[in-house]
Amino acid sequence: MLNCYDLPKIGEYAVQSLKKRSNLLVEEIEDEVVIYDPRTHYVHHLNPMASIIWELLGVCSSPEEIAREIVDVLKTDSSTVEKDVQETLKQLQKKRLLE
């Protein structure tokens, strides 16, 4: 289950921030998001679910809220969505795309 307190938890993993880094160049292409990181010169391609999660980072304050929004809109299984949110946020954090 997703947990959000002072530092949001993603499973066993504490997320330092749910805020997108401000210096990234972001483009939406169809149902995907492409992110260029000028600091590392890497381009990141987000799949459709990761793109939804990325967009919700601007309006949701916790992993739990992100998962709830997706479940409400897509009318899908909450455990699958929670796992997707967990893994996506872990990867965004690992790639230093979050502040």
# chains A, B, ... in the order shown; residues from 1 in each chain; ligands from 1
call {"tool": "select_by_dssp", "arguments": {"residues": "region 33-96 of chain A", "states": "strand (DSSP E or B)", "output": "list of chain:residue names"}}
result
A:Val33, A:Val34, A:Ile35, A:Tyr36, A:Asp37, A:Tyr42, A:Val43, A:His44, A:His45, A:Leu46
call {"tool": "closest_residue", "arguments": {"among": "A:Leu18, A:Glu28, A:Pro38, A:Asn47", "to": "Pro63 (chain A)", "atoms": "only C-alpha atoms"}}
result
A:Leu18
call {"tool": "select_by_dssp", "arguments": {"residues": "chain A", "states": "alpha helix (DSSP H)", "output": "VMD selection string"}}
result
chain A and resid 48 to 56 63 to 74 78 to 94
call {"tool": "residues_around", "arguments": {"residues": "region 50-57 of chain A", "least_positions_apart": "4", "cutoff": "12 Å", "atoms": "only C-alpha atoms", "output": "mmCIF file with C-alpha atoms, in the first residue's frame"}}
result
data_model
loop_
_atom_site.group_PDB
_atom_site.id
_atom_site.type_symbol
_atom_site.label_atom_id
_atom_site.label_comp_id
_atom_site.auth_asym_id
_atom_site.auth_seq_id
_atom_site.Cartn_x
_atom_site.Cartn_y
_atom_site.Cartn_z
ATOM 1 C CA SER A 17 10.274 14.892 -3.457
ATOM 2 C CA LEU A 18 7.250 14.579 -5.701
ATOM 3 C CA LYS A 19 8.175 17.799 -7.459
ATOM 4 C CA LYS A 20 9.479 17.813 -11.038
ATOM 5 C CA ARG A 21 12.849 19.453 -11.598
ATOM 6 C CA VAL A 26 9.455 18.375 -21.548
ATOM 7 C CA GLU A 27 7.470 17.640 -24.706
ATOM 8 C CA GLU A 28 4.272 15.657 -25.094
ATOM 9 C CA ILE A 29 4.192 13.484 -28.209
ATOM 10 C CA GLU A 30 0.844 11.755 -28.683
ATOM 11 C CA ASP A 31 0.251 9.859 -25.419
ATOM 12 C CA GLU A 32 3.868 9.882 -24.256
ATOM 13 C CA VAL A 33 6.170 12.390 -22.617
ATOM 14 C CA VAL A 34 9.767 12.986 -23.691
ATOM 15 C CA ILE A 35 12.071 14.650 -21.165
ATOM 16 C CA HIS A 44 13.922 10.011 -21.251
ATOM 17 C CA HIS A 45 10.862 8.550 -22.981
ATOM 18 C CA LEU A 46 7.913 7.912 -20.677
ATOM 19 C CA SER A 61 0.681 15.754 -3.327
ATOM 20 C CA SER A 62 1.311 12.062 -2.624
ATOM 21 C CA PRO A 63 1.818 8.718 -4.385
ATOM 22 C CA GLU A 64 -1.485 7.594 -2.900
ATOM 23 C CA GLU A 65 -3.324 10.564 -4.406
ATOM 24 C CA ILE A 66 -1.716 9.930 -7.815
ATOM 25 C CA ALA A 67 -2.858 6.286 -7.735
ATOM 26 C CA ARG A 68 -6.371 7.258 -6.623
ATOM 27 C CA GLU A 69 -6.718 9.782 -9.484
ATOM 28 C CA ILE A 70 -5.642 7.194 -12.072
ATOM 29 C CA VAL A 71 -7.985 4.525 -10.700
ATOM 30 C CA VAL A 73 -10.310 8.075 -14.302
ATOM 31 C CA LEU A 74 -9.309 4.746 -15.873
ATOM 32 C CA VAL A 81 -1.952 1.168 -10.522
ATOM 33 C CA GLU A 82 -0.249 1.400 -7.112
ATOM 34 C CA LYS A 83 2.567 -0.835 -8.387
ATOM 35 C CA ASP A 84 2.895 1.287 -11.542
ATOM 36 C CA VAL A 85 3.047 4.478 -9.461
ATOM 37 C CA GLN A 86 5.612 2.928 -7.114
ATOM 38 C CA GLU A 87 7.883 1.782 -9.925
ATOM 39 C CA THR A 88 7.539 4.984 -11.961
ATOM 40 C CA LEU A 89 8.339 7.249 -9.028
ATOM 41 C CA LYS A 90 11.309 5.062 -8.114
ATOM 42 C CA GLN A 91 12.633 5.398 -11.665
ATOM 43 C CA LEU A 92 12.016 9.160 -11.821
ATOM 44 C CA GLN A 93 13.870 9.558 -8.529
ATOM 45 C CA LEU A 97 14.114 13.979 -12.614
ATOM 46 C CA LEU A 98 12.544 14.979 -9.301
ATOM 47 C CA GLU A 99 13.832 17.725 -6.999
#
call {"tool": "atom_distance", "arguments": {"atom1": "CA of Tyr36 (chain A)", "atom2": "CA of Arg96 (chain A)"}}
result
11.8 Å
call {"tool": "closest_residue", "arguments": {"among": "A:Pro48, A:Gly58, A:Thr76, A:Thr40", "to": "Asn23 (chain A)", "atoms": "only C-alpha atoms"}}
result
A:Thr40
